[in-house]
Amino acid sequence: MAKGIWVFAEQLGGQIKKVSFELLSEGRKAADTLGEELCAVLVGKDVAGLAASLGEYGADKVYVVDNAALENYSTDGYTNVIADLIKQYEPSALLLGCTVTGRDLAAQVAQRMQTGLMTDCIGMEVADGQLVFTRPIYAGKVIVKACVPDARPAMATIRPNTFPVASNAKAAEVVTVDANVGEVRQVVKEVIRVASERPELTEADIIVSGGRGMKGPENFKILEELADVVGAAVGASRAAVDAGWIAQSFQVGQTGKTVSPVLYVACGISGAIQHLAGMSSAKCIVAVNKDEEANIFKVADYGVVGDLFDVVPILKEEVKKVIA
Amino acid sequence: MKILVCLKQTFDTEAKIVLDGNGKIDRKGVSMIVNPYDEFAVEEALKIVEKDGGQVTVISVGEQQAQDALRQALAMGADDAVLVDAGDKELDEYSTATILAKAISGMEYDLVLGGFRAIDDGSAQVAGRVAEILNIPVVNVVTKLEVAGGKAVATREIEGGNEVLEVSLPAVITAQKGLNEPRYPSMKGIMKAKKKPLAKKTLADVGLDDSQIAPKVKAISFSLPEARQAGKVIPGEAAEAAAELAKLLREEAKVI
Ligand SMILES: Cc1cc2nc3c(=O)[nH]c(=O)nc-3n(C[C@H](O)[C@H](O)[C@H](O)COP(=O)(O)OP(=O)(O)OC[C@H]3O[C@@H](n4cnc5c(N)ncnc54)[C@H](O)[C@@H]3O)c2cc1C
């Protein structure tokens, strides 16, 4: 019989992602309601030392696959290993963060296990003995609740920042497993990491975003300075990306990243429907725009009608003061 | 080089969505477009064959209306199209991938391209599933692609950067924005497209029955989200407003 709610403990360079702790924290509640155990799956090279930290967020058990060939994520390598573990232990559910890696891995594992996968979810509950997931579709214009009634494991990827992190210390049992990495058909030729002190856009708690109102690439410095005061990521509208002011990977919206930060500060962004699609699940939205009719004010919790070149530098100083 | 491009017809991004009497998404009267990510895939396929020669076939799982999306790809320059119409059955990503893979397995191909996700249900899993069924490698969210000597070298977006991966063909590659700028169909292209072959198939034609495509995911309910309420506009000159905003973010919203 299928048993156990599993959370893929995603790590990069020996650091477990916050979203994995979020999933364990929420997974703990679901596991208790369903009377199942909560397990984390930790895959990588020299990662065994990270297992204890997963217990702190409620994992009863941590499956560890430690293998030099798993140092960096590969679609085939990680799929082979996770699918192997699933076949061996038959969990009832597998949750992953909706990150670049989580999304890539989830699709392959789901197909190999012939099961259903709900992606980019923003909620999870237990109803009639099933995990039911909430996901926005059509760029957030519709919310669907869905489940995987029969196939196992039921799979879902969940947007970072959906659930709060709650510590719930368990002395997690660590189970070291040998799994078959198999043939990896994607051969890495080069990895180019752009060194950045700022958090990843999709996982950031705070995002400061700029649009066409920024008027040029050099002005993004103003946003970066504000971002750095609060440890935020910087984002952009498509207009700013298309103008070549900032790289495509910073675009927020329907054809960019979907973000769910605690705070989203939109500067010189009009609030087009395609932009809102990517950020309207932010808990708090701030808009700085000189046009009081701008659409962004219809969704903003706090708005300042004014010139961003005046407001944002002062805001930076004021924020410094209040958090000091 | 024979390239297959998986393409989906989706709602226009401006479309207003309403639910019908059964609480399902009402498709009536909604204007439809080619999923923008799939346009990148079509463009990339055309660029490859323009350089190295070959043929581009676009394939879609959809109802009759999806012919419009296929015709648009033909107008851009694709050679022929296949529409698999599964009727009005409920499909999930597993079903769609099963149908696509089955149709593709009966064709010749060196490369399968598609968008990395569709903008409607945004599931970002159909192409990956197709690769798994066909037992060929997949590379997702690709922003640069070079195809030569039976191999594809693809640059894909990863966290905080990019990685360059090489796979042997055939392979599935999914397009991310940045891969290229899709062309607009020319008047001549639109005229030509009308005469290009568009094969319409049923499930039975591709050799599947209903039980093989039964969805794994069950939608329980659809609802429209509560509209976000407009909040406060903070009055005053820049200095005053900024100071007040910082204070509210700290003390009222408690987000900094
Ligand atoms: C298929 C499709 C997909 C799309 N996907 C996306 C997407 O993923 N993300 C996205 O963002 N867009 C997307 N768009 C584009 C979207 O429709 C808008 O064109 C875009 O979001 C506009 O960006 P913007 O708000 O920066 O620019 P604009 O709409 O031009 O707004 C600029 C704003 O800046 C304000 N401003 C100017 N100067 C100042 C100043 N000095 N101080 C304060 N305010 C100032 C103006 O009042 C204005 O409100 C998509 C469009 C389509 C058709």
# chains A, B, ... in the order shown; residues from 1 in each chain; ligands from 1
>>> residues_near_ligand(ligand="ligand 1", cutoff="6 Å", atoms="only C-alpha atoms and all ligand atoms", output="PyMOL selection string")
(chain A and resi 211-213+237-240+251-256+268-272+274-275+288-291+294+306-309) or (chain B and resi 13)
>>> residues_around(residues="Tyr73 in chain A", least_positions_apart="6", cutoff="9 Å", atoms="only C-alpha atoms", output="PyMOL selection string")
chain A and resi 12+44+101
>>> write_last_selection(atoms="N, CA and C atoms", output="compact mmCIF listing (two decimals), in the first residue's frame")
# COMPACT_ATOMS: atom_id res chain seq x y z
N LEU A 12 21.01 23.38 -3.34
CA LEU A 12 21.94 23.90 -4.34
C LEU A 12 23.20 24.28 -3.59
N GLY A 44 22.05 14.39 -3.73
CA GLY A 44 23.18 15.24 -4.11
C GLY A 44 24.50 14.59 -3.74
N THR A 101 14.29 23.70 -11.07
CA THR A 101 14.61 22.28 -10.91
C THR A 101 13.36 21.45 -10.60
>>> closest_residue(among="B:Val217, B:Ile3, B:Ile158, B:Leu248", to="Glu50 in chain B", atoms="only C-alpha atoms")
B:Ile3
>>> closest_atom_pairs(of="chain B", to="chain A", cutoff="6 Å", atoms="only C-alpha atoms", output="CSV")
residue,atom,partner,partner_atom,distance
B:Asp120,CA,A:Tyr138,CA,4.2
B:Asp121,CA,A:Ile137,CA,4.8
B:Ser123,CA,A:Thr119,CA,5.5
B:Gln125,CA,A:Ala107,CA,4.9
B:Gly128,CA,A:Ala107,CA,5.8
B:Arg129,CA,A:Gln111,CA,5.4
B:Gly160,CA,A:Arg193,CA,5.6
B:Gly161,CA,A:Arg193,CA,4.2
B:Asn162,CA,A:Ile192,CA,5.1
B:Glu163,CA,A:Val191,CA,4.3
B:Val164,CA,A:Glu190,CA,5.0
B:Leu165,CA,A:Val188,CA,4.6
B:Glu166,CA,A:Val187,CA,5.0
B:Val167,CA,A:Gln186,CA,5.2
B:Lys216,CA,A:Gly116,CA,4.7
B:Val217,CA,A:Val148,CA,4.6
B:Lys218,CA,A:Cys147,CA,5.4
B:Ala219,CA,A:Ala146,CA,4.2
B:Ile220,CA,A:Ala146,CA,5.1
B:Ser221,CA,A:Lys145,CA,5.3
B:Phe222,CA,A:Val144,CA,4.5
B:Ser223,CA,A:Ile143,CA,5.2
B:Leu224,CA,A:Val142,CA,4.8
B:Arg228,CA,A:Val299,CA,5.4
B:Gln229,CA,A:Val299,CA,5.9
B:Ala230,CA,A:Lys298,CA,4.5
B:Gly231,CA,A:Asp301,CA,4.0
B:Lys232,CA,A:Tyr302,CA,5.0
B:Val233,CA,A:Gly303,CA,4.4
B:Ile234,CA,A:Val304,CA,5.4
B:Ala238,CA,A:Val311,CA,5.0
B:Ala242,CA,A:Leu315,CA,4.8
B:Ala243,CA,A:Glu318,CA,5.4
B:Ala246,CA,A:Val319,CA,5.2
>>> write_last_selection(atoms="C-alpha atoms", output="PDB file, in the first residue's frame")
ATOM      1  CA  ASP B 120      -3.519  28.928 -20.098  1.00  0.00           C
ATOM      2  CA  ASP B 121      -3.079  26.051 -17.684  1.00  0.00           C
ATOM      3  CA  SER B 123       1.447  23.254 -16.436  1.00  0.00           C
ATOM      4  CA  GLN B 125       4.861  19.256 -18.253  1.00  0.00           C
ATOM      5  CA  GLY B 128       8.655  16.542 -20.804  1.00  0.00           C
ATOM      6  CA  ARG B 129       6.123  13.747 -20.596  1.00  0.00           C
ATOM      7  CA  GLY B 160      21.066  32.344 -11.159  1.00  0.00           C
ATOM      8  CA  GLY B 161      22.436  31.662 -14.616  1.00  0.00           C
ATOM      9  CA  ASN B 162      22.510  29.341 -17.583  1.00  0.00           C
ATOM     10  CA  GLU B 163      23.821  25.949 -18.458  1.00  0.00           C
ATOM     11  CA  VAL B 164      24.818  24.623 -21.845  1.00  0.00           C
ATOM     12  CA  LEU B 165      23.768  21.028 -22.447  1.00  0.00           C
ATOM     13  CA  GLU B 166      24.431  18.678 -25.315  1.00  0.00           C
ATOM     14  CA  VAL B 167      22.040  15.885 -26.260  1.00  0.00           C
ATOM     15  CA  LYS B 216      -4.847  11.107 -13.807  1.00  0.00           C
ATOM     16  CA  VAL B 217      -5.783  14.489 -12.377  1.00  0.00           C
ATOM     17  CA  LYS B 218      -9.356  15.253 -11.460  1.00  0.00           C
ATOM     18  CA  ALA B 219     -10.565  18.833 -11.315  1.00  0.00           C
ATOM     19  CA  ILE B 220     -12.916  19.200  -8.376  1.00  0.00           C
ATOM     20  CA  SER B 221     -14.050  22.803  -8.776  1.00  0.00           C
ATOM     21  CA  PHE B 222     -13.352  26.001 -10.660  1.00  0.00           C
ATOM     22  CA  SER B 223     -13.829  29.442  -9.195  1.00  0.00           C
ATOM     23  CA  LEU B 224     -13.027  33.021 -10.013  1.00  0.00           C
ATOM     24  CA  ARG B 228      -7.837  42.372  -5.146  1.00  0.00           C
ATOM     25  CA  GLN B 229      -9.099  45.496  -3.488  1.00  0.00           C
ATOM     26  CA  ALA B 230      -7.455  48.797  -4.198  1.00  0.00           C
ATOM     27  CA  GLY B 231      -5.762  49.985  -1.020  1.00  0.00           C
ATOM     28  CA  LYS B 232      -4.629  53.382   0.159  1.00  0.00           C
ATOM     29  CA  VAL B 233      -3.075  56.037  -1.958  1.00  0.00           C
ATOM     30  CA  ILE B 234      -0.700  57.855   0.332  1.00  0.00           C
ATOM     31  CA  ALA B 238       7.508  62.611  -2.404  1.00  0.00           C
ATOM     32  CA  ALA B 242       7.812  57.935   1.148  1.00  0.00           C
ATOM     33  CA  ALA B 243       8.220  58.360   4.902  1.00  0.00           C
ATOM     34  CA  ALA B 246       7.978  53.090   4.994  1.00  0.00           C
TER      35      ALA B 246
END
>>> residues_around(residues="Leu179 in chain B", least_positions_apart="4", cutoff="7 Å", atoms="only C-alpha atoms", output="MDAnalysis selection string")
chainID B and resid 40 142:144 175
>>> write_last_selection(atoms="N, CA and C atoms", output="PDB file, in the first residue's frame")
ATOM      1  N   PHE B  40       7.658  30.556 -30.337  1.00  0.00           N
ATOM      2  CA  PHE B  40       9.129  30.516 -30.320  1.00  0.00           C
ATOM      3  C   PHE B  40       9.614  29.194 -30.917  1.00  0.00           C
ATOM      4  N   VAL B 142      14.780  26.517 -22.918  1.00  0.00           N
ATOM      5  CA  VAL B 142      15.966  26.788 -23.727  1.00  0.00           C
ATOM      6  C   VAL B 142      15.893  28.186 -24.339  1.00  0.00           C
ATOM      7  N   THR B 143      17.008  28.911 -24.230  1.00  0.00           N
ATOM      8  CA  THR B 143      17.061  30.269 -24.781  1.00  0.00           C
ATOM      9  C   THR B 143      18.031  30.376 -25.955  1.00  0.00           C
ATOM     10  N   LYS B 144      18.747  29.265 -26.240  1.00  0.00           N
ATOM     11  CA  LYS B 144      19.633  29.274 -27.401  1.00  0.00           C
ATOM     12  C   LYS B 144      19.806  27.833 -27.850  1.00  0.00           C
ATOM     13  N   ALA B 175      10.998  25.649 -25.552  1.00  0.00           N
ATOM     14  CA  ALA B 175      11.416  27.034 -25.761  1.00  0.00           C
ATOM     15  C   ALA B 175      11.031  27.945 -24.607  1.00  0.00           C
TER      16      ALA B 175
END
>>> atom_distance(atom1="CA of Val206 in chain B", atom2="CA of Gly77 in chain B")
25.2 Å
>>> select_by_dssp(residues="range 164-288 of chain A", states="strand (DSSP E)", output="JSON, numbers by chain")
{"A": [173, 174, 175, 176, 187, 188, 189, 190, 191, 192, 193, 206, 207, 208, 209, 210, 233, 234, 235, 236, 263, 264, 265, 266, 267, 284, 285, 286, 287, 288]}
>>> residues_around(residues="Phe220 in chain A", least_positions_apart="3", cutoff="9 Å", atoms="only C-alpha atoms", output="number ranges by chain")
A: 209-210, 214, 216-217, 223-225, 234, 245-246
>>> atom_distance(atom1="CA of Lys16 in chain B", atom2="CA of Gly29 in chain B")
10.1 Å
>>> residues_around(residues="Ser168 in chain B", least_positions_apart="2", cutoff="12 Å", atoms="only C-alpha atoms", output="PyMOL selection string")
(chain A and resi 184-187) or (chain B and resi 110-111+136-139+146-154+165-166+170-173)
>>> atom_distance(atom1="CA of Ile190 in chain B", atom2="CA of Val84 in chain B")
22.2 Å
>>> closest_residue(among="B:Gly106, B:Leu113, B:Ser31, B:Gln55", to="Leu7 in chain B", atoms="only C-alpha atoms")
B:Leu113
>>> closest_residue(among="A:Met113, A:Ala233, A:Ile16, A:Val64", to="Ile133 in chain B", atoms="only C-alpha atoms")
A:Met113
>>> select_by_dssp(residues="range 53-115 of chain B", states="helix (DSSP H, G or I)", output="short mmCIF file (atom, residue, chain, number, x, y, z; two decimals) with all heavy atoms, in the first residue's frame")
data_model
loop_
_atom_site.label_atom_id
_atom_site.label_comp_id
_atom_site.auth_asym_id
_atom_site.auth_seq_id
_atom_site.Cartn_x
_atom_site.Cartn_y
_atom_site.Cartn_z
N GLN B 64 -11.68 21.17 -33.37
CA GLN B 64 -11.59 21.65 -34.75
C GLN B 64 -11.07 23.09 -34.85
O GLN B 64 -10.33 23.44 -35.75
CB GLN B 64 -12.94 21.52 -35.46
CG GLN B 64 -13.34 20.05 -35.69
CD GLN B 64 -12.30 19.27 -36.49
OE1 GLN B 64 -11.85 19.71 -37.54
NE2 GLN B 64 -11.86 18.11 -35.98
N GLN B 65 -11.44 23.90 -33.86
CA GLN B 65 -11.04 25.30 -33.87
C GLN B 65 -9.51 25.46 -33.88
O GLN B 65 -8.98 26.47 -34.36
CB GLN B 65 -11.63 25.98 -32.63
CG GLN B 65 -11.59 27.48 -32.69
CD GLN B 65 -12.04 28.09 -31.36
OE1 GLN B 65 -12.29 27.39 -30.38
NE2 GLN B 65 -12.16 29.40 -31.34
N ALA B 66 -8.81 24.48 -33.34
CA ALA B 66 -7.35 24.56 -33.25
C ALA B 66 -6.69 24.57 -34.63
O ALA B 66 -5.49 24.86 -34.76
CB ALA B 66 -6.81 23.41 -32.40
N GLN B 67 -7.48 24.26 -35.67
CA GLN B 67 -6.94 24.37 -37.03
C GLN B 67 -6.42 25.77 -37.31
O GLN B 67 -5.46 25.94 -38.05
CB GLN B 67 -8.04 24.07 -38.06
CG GLN B 67 -8.41 22.61 -38.15
CD GLN B 67 -9.52 22.42 -39.17
OE1 GLN B 67 -9.32 22.65 -40.35
NE2 GLN B 67 -10.67 22.01 -38.69
N ASP B 68 -7.08 26.77 -36.73
CA ASP B 68 -6.65 28.15 -36.96
C ASP B 68 -5.22 28.36 -36.48
O ASP B 68 -4.42 29.03 -37.13
CB ASP B 68 -7.55 29.14 -36.20
CG ASP B 68 -9.00 29.07 -36.67
OD1 ASP B 68 -9.23 28.50 -37.76
OD2 ASP B 68 -9.88 29.57 -35.95
N ALA B 69 -4.92 27.77 -35.33
CA ALA B 69 -3.56 27.92 -34.78
C ALA B 69 -2.56 27.21 -35.68
O ALA B 69 -1.47 27.72 -35.96
CB ALA B 69 -3.50 27.34 -33.36
N LEU B 70 -2.94 26.02 -36.16
CA LEU B 70 -2.05 25.28 -37.06
C LEU B 70 -1.84 26.05 -38.36
O LEU B 70 -0.72 26.12 -38.88
CB LEU B 70 -2.60 23.88 -37.32
CG LEU B 70 -2.57 22.93 -36.12
CD1 LEU B 70 -3.39 21.68 -36.39
CD2 LEU B 70 -1.13 22.56 -35.76
N ARG B 71 -2.92 26.63 -38.88
CA ARG B 71 -2.80 27.41 -40.13
C ARG B 71 -1.86 28.59 -39.92
O ARG B 71 -1.14 28.98 -40.83
CB ARG B 71 -4.17 27.94 -40.58
CG ARG B 71 -5.10 26.89 -41.13
CD ARG B 71 -4.84 26.56 -42.60
NE ARG B 71 -5.71 25.46 -42.99
CZ ARG B 71 -5.36 24.47 -43.81
NH1 ARG B 71 -4.17 24.44 -44.37
NH2 ARG B 71 -6.20 23.51 -44.08
N GLN B 72 -1.89 29.16 -38.73
CA GLN B 72 -0.99 30.29 -38.49
C GLN B 72 0.47 29.84 -38.57
O GLN B 72 1.32 30.52 -39.15
CB GLN B 72 -1.27 30.94 -37.14
CG GLN B 72 -0.44 32.20 -36.95
CD GLN B 72 -0.67 32.86 -35.61
OE1 GLN B 72 -1.78 32.82 -35.06
NE2 GLN B 72 0.38 33.47 -35.07
N ALA B 73 0.74 28.66 -38.01
CA ALA B 73 2.10 28.14 -38.08
C ALA B 73 2.48 27.81 -39.52
O ALA B 73 3.61 28.02 -39.96
CB ALA B 73 2.23 26.89 -37.20
N LEU B 74 1.51 27.32 -40.29
CA LEU B 74 1.77 27.04 -41.71
C LEU B 74 2.05 28.35 -42.44
O LEU B 74 2.92 28.42 -43.32
CB LEU B 74 0.57 26.33 -42.35
CG LEU B 74 0.27 24.92 -41.84
CD1 LEU B 74 -1.03 24.38 -42.44
CD2 LEU B 74 1.43 23.96 -42.14
N ALA B 75 1.33 29.40 -42.05
CA ALA B 75 1.54 30.71 -42.69
C ALA B 75 2.91 31.27 -42.34
O ALA B 75 3.53 31.99 -43.13
CB ALA B 75 0.44 31.67 -42.27
N MET B 76 3.39 30.95 -41.15
CA MET B 76 4.75 31.37 -40.79
C MET B 76 5.78 30.65 -41.65
O MET B 76 6.89 31.14 -41.84
CB MET B 76 5.03 31.09 -39.30
CG MET B 76 4.31 32.02 -38.33
SD MET B 76 4.46 31.46 -36.60
CE MET B 76 6.16 31.94 -36.22
N GLU B 93 -2.68 16.58 -18.55
CA GLU B 93 -1.39 16.61 -19.23
C GLU B 93 -0.94 15.20 -19.61
O GLU B 93 -0.27 14.99 -20.62
CB GLU B 93 -0.34 17.29 -18.34
CG GLU B 93 -0.63 18.76 -18.08
CD GLU B 93 -1.67 19.01 -16.99
OE1 GLU B 93 -2.15 18.05 -16.36
OE2 GLU B 93 -2.01 20.20 -16.79
N TYR B 94 -1.30 14.25 -18.76
CA TYR B 94 -0.97 12.86 -19.07
C TYR B 94 -1.67 12.43 -20.35
O TYR B 94 -1.07 11.82 -21.24
CB TYR B 94 -1.39 11.96 -17.89
CG TYR B 94 -1.33 10.49 -18.18
CD1 TYR B 94 -0.14 9.78 -18.01
CD2 TYR B 94 -2.45 9.78 -18.62
CE1 TYR B 94 -0.06 8.42 -18.28
CE2 TYR B 94 -2.39 8.43 -18.89
CZ TYR B 94 -1.19 7.76 -18.72
OH TYR B 94 -1.13 6.42 -19.00
N SER B 95 -2.96 12.75 -20.46
CA SER B 95 -3.72 12.37 -21.66
C SER B 95 -3.12 13.02 -22.90
O SER B 95 -2.90 12.35 -23.92
CB SER B 95 -5.17 12.83 -21.57
OG SER B 95 -5.68 12.78 -20.28
N THR B 96 -2.90 14.32 -22.82
CA THR B 96 -2.40 15.05 -23.99
C THR B 96 -1.04 14.53 -24.42
O THR B 96 -0.79 14.32 -25.61
CB THR B 96 -2.31 16.56 -23.67
OG1 THR B 96 -3.58 16.99 -23.20
CG2 THR B 96 -1.91 17.36 -24.89
N ALA B 97 -0.17 14.31 -23.45
CA ALA B 97 1.17 13.80 -23.78
C ALA B 97 1.08 12.41 -24.39
O ALA B 97 1.80 12.08 -25.34
CB ALA B 97 2.04 13.77 -22.52
N THR B 98 0.15 11.61 -23.89
CA THR B 98 -0.01 10.25 -24.43
C THR B 98 -0.44 10.34 -25.90
O THR B 98 0.09 9.61 -26.76
CB THR B 98 -1.08 9.47 -23.62
OG1 THR B 98 -0.67 9.47 -22.26
CG2 THR B 98 -1.23 8.04 -24.12
N ILE B 99 -1.36 11.23 -26.19
CA ILE B 99 -1.84 11.38 -27.57
C ILE B 99 -0.73 11.90 -28.48
O ILE B 99 -0.47 11.35 -29.56
CB ILE B 99 -3.06 12.33 -27.62
CG1 ILE B 99 -4.21 11.78 -26.77
CG2 ILE B 99 -3.51 12.54 -29.07
CD1 ILE B 99 -5.35 12.77 -26.55
N LEU B 100 -0.06 12.96 -28.02
CA LEU B 100 1.02 13.53 -28.84
C LEU B 100 2.10 12.49 -29.12
O LEU B 100 2.54 12.31 -30.26
CB LEU B 100 1.66 14.73 -28.12
CG LEU B 100 0.92 16.06 -28.19
CD1 LEU B 100 1.58 17.07 -27.26
CD2 LEU B 100 0.88 16.61 -29.62
N ALA B 101 2.51 11.80 -28.07
CA ALA B 101 3.60 10.83 -28.23
C ALA B 101 3.20 9.71 -29.17
O ALA B 101 4.00 9.26 -30.00
CB ALA B 101 4.02 10.27 -26.87
N LYS B 102 1.96 9.29 -29.06
CA LYS B 102 1.49 8.20 -29.93
C LYS B 102 1.49 8.68 -31.39
O LYS B 102 1.94 7.95 -32.29
CB LYS B 102 0.08 7.77 -29.48
CG LYS B 102 -0.45 6.58 -30.22
CD LYS B 102 0.17 5.29 -29.71
CE LYS B 102 -0.40 4.12 -30.50
NZ LYS B 102 0.20 2.84 -30.11
N ALA B 103 1.00 9.87 -31.61
CA ALA B 103 0.97 10.41 -32.98
C ALA B 103 2.39 10.57 -33.51
O ALA B 103 2.70 10.21 -34.64
CB ALA B 103 0.22 11.74 -33.00
N ILE B 104 3.28 11.09 -32.65
CA ILE B 104 4.66 11.34 -33.06
C ILE B 104 5.39 10.03 -33.35
O ILE B 104 6.19 9.94 -34.29
CB ILE B 104 5.40 12.15 -31.97
CG1 ILE B 104 4.85 13.58 -31.92
CG2 ILE B 104 6.90 12.15 -32.19
CD1 ILE B 104 5.36 14.40 -30.74
N SER B 105 5.09 9.01 -32.57
CA SER B 105 5.83 7.75 -32.73
C SER B 105 5.55 7.11 -34.09
O SER B 105 6.33 6.30 -34.56
CB SER B 105 5.51 6.78 -31.59
OG SER B 105 4.15 6.42 -31.66
#
>>> closest_residue(among="B:Lys254, B:Lys28, B:Lys196, B:Lys47", to="Glu181 in chain B", atoms="only C-alpha atoms")
B:Lys47
>>> residues_around(residues="Pro182 in chain B", least_positions_apart="6", cutoff="10 Å", atoms="only C-alpha atoms", output="tab-separated table (two decimals) with all heavy atoms, in the first residue's frame")
chain	number	residue	atom	x	y	z
B	36	PRO	N	2.04	31.64	-26.96
B	36	PRO	CA	3.25	32.40	-27.34
B	36	PRO	C	4.55	31.60	-27.25
B	36	PRO	O	5.44	31.78	-28.09
B	36	PRO	CB	3.27	33.56	-26.35
B	36	PRO	CG	1.85	33.71	-25.89
B	36	PRO	CD	1.22	32.36	-25.97
B	37	TYR	N	4.66	30.70	-26.28
B	37	TYR	CA	5.90	29.91	-26.17
B	37	TYR	C	6.04	28.95	-27.35
B	37	TYR	O	7.15	28.61	-27.75
B	37	TYR	CB	5.92	29.14	-24.85
B	37	TYR	CG	6.10	30.04	-23.65
B	37	TYR	CD1	5.00	30.45	-22.90
B	37	TYR	CD2	7.36	30.50	-23.29
B	37	TYR	CE1	5.16	31.28	-21.80
B	37	TYR	CE2	7.52	31.33	-22.19
B	37	TYR	CZ	6.43	31.72	-21.45
B	37	TYR	OH	6.59	32.55	-20.38
B	38	ASP	N	4.90	28.50	-27.87
B	38	ASP	CA	4.95	27.59	-29.03
B	38	ASP	C	5.37	28.35	-30.29
B	38	ASP	O	5.95	27.77	-31.20
B	38	ASP	CB	3.60	26.91	-29.24
B	38	ASP	CG	3.19	26.07	-28.05
B	38	ASP	OD1	4.07	25.77	-27.22
B	38	ASP	OD2	2.00	25.73	-27.93
B	39	GLU	N	5.06	29.64	-30.32
B	39	GLU	CA	5.52	30.45	-31.47
B	39	GLU	C	7.04	30.48	-31.52
B	39	GLU	O	7.63	30.45	-32.59
B	39	GLU	CB	4.98	31.89	-31.36
B	39	GLU	CG	3.52	32.02	-31.73
B	39	GLU	CD	3.08	33.48	-31.73
B	39	GLU	OE1	3.86	34.36	-31.33
B	39	GLU	OE2	1.93	33.72	-32.14
B	40	PHE	N	7.66	30.56	-30.34
B	40	PHE	CA	9.13	30.52	-30.32
B	40	PHE	C	9.61	29.19	-30.92
B	40	PHE	O	10.61	29.15	-31.64
B	40	PHE	CB	9.68	30.65	-28.90
B	40	PHE	CG	9.28	31.91	-28.18
B	40	PHE	CD1	8.80	31.88	-26.88
B	40	PHE	CD2	9.40	33.15	-28.80
B	40	PHE	CE1	8.43	33.04	-26.21
B	40	PHE	CE2	9.04	34.32	-28.14
B	40	PHE	CZ	8.55	34.26	-26.84
B	41	ALA	N	8.90	28.12	-30.58
B	41	ALA	CA	9.30	26.79	-31.08
B	41	ALA	C	9.15	26.71	-32.59
B	41	ALA	O	10.02	26.19	-33.29
B	41	ALA	CB	8.46	25.71	-30.39
B	42	VAL	N	8.05	27.25	-33.12
B	42	VAL	CA	7.83	27.24	-34.57
B	42	VAL	C	8.95	28.05	-35.25
B	42	VAL	O	9.57	27.59	-36.22
B	42	VAL	CB	6.45	27.84	-34.95
B	42	VAL	CG1	6.31	27.98	-36.46
B	42	VAL	CG2	5.32	26.98	-34.38
B	43	GLU	N	9.21	29.23	-34.72
B	43	GLU	CA	10.24	30.09	-35.31
B	43	GLU	C	11.60	29.38	-35.32
B	43	GLU	O	12.32	29.41	-36.33
B	43	GLU	CB	10.33	31.40	-34.50
B	43	GLU	CG	11.44	32.36	-34.93
B	43	GLU	CD	11.24	32.90	-36.35
B	43	GLU	OE1	10.09	33.07	-36.75
B	43	GLU	OE2	12.26	33.12	-37.04
B	44	GLU	N	11.92	28.73	-34.23
B	44	GLU	CA	13.22	28.06	-34.15
B	44	GLU	C	13.32	26.94	-35.18
B	44	GLU	O	14.34	26.77	-35.85
B	44	GLU	CB	13.42	27.51	-32.73
B	44	GLU	CG	14.86	27.18	-32.38
B	44	GLU	CD	15.79	28.39	-32.39
B	44	GLU	OE1	15.30	29.54	-32.33
B	44	GLU	OE2	17.03	28.18	-32.47
B	46	LEU	N	11.76	26.78	-38.01
B	46	LEU	CA	11.89	27.38	-39.35
B	46	LEU	C	13.32	27.85	-39.58
B	46	LEU	O	13.88	27.67	-40.67
B	46	LEU	CB	10.90	28.55	-39.51
B	46	LEU	CG	9.42	28.15	-39.45
B	46	LEU	CD1	8.53	29.39	-39.46
B	46	LEU	CD2	9.06	27.22	-40.62
B	76	MET	N	3.39	30.95	-41.15
B	76	MET	CA	4.75	31.37	-40.79
B	76	MET	C	5.78	30.65	-41.65
B	76	MET	O	6.89	31.14	-41.84
B	76	MET	CB	5.03	31.09	-39.30
B	76	MET	CG	4.31	32.02	-38.33
B	76	MET	SD	4.46	31.46	-36.60
B	76	MET	CE	6.16	31.94	-36.22
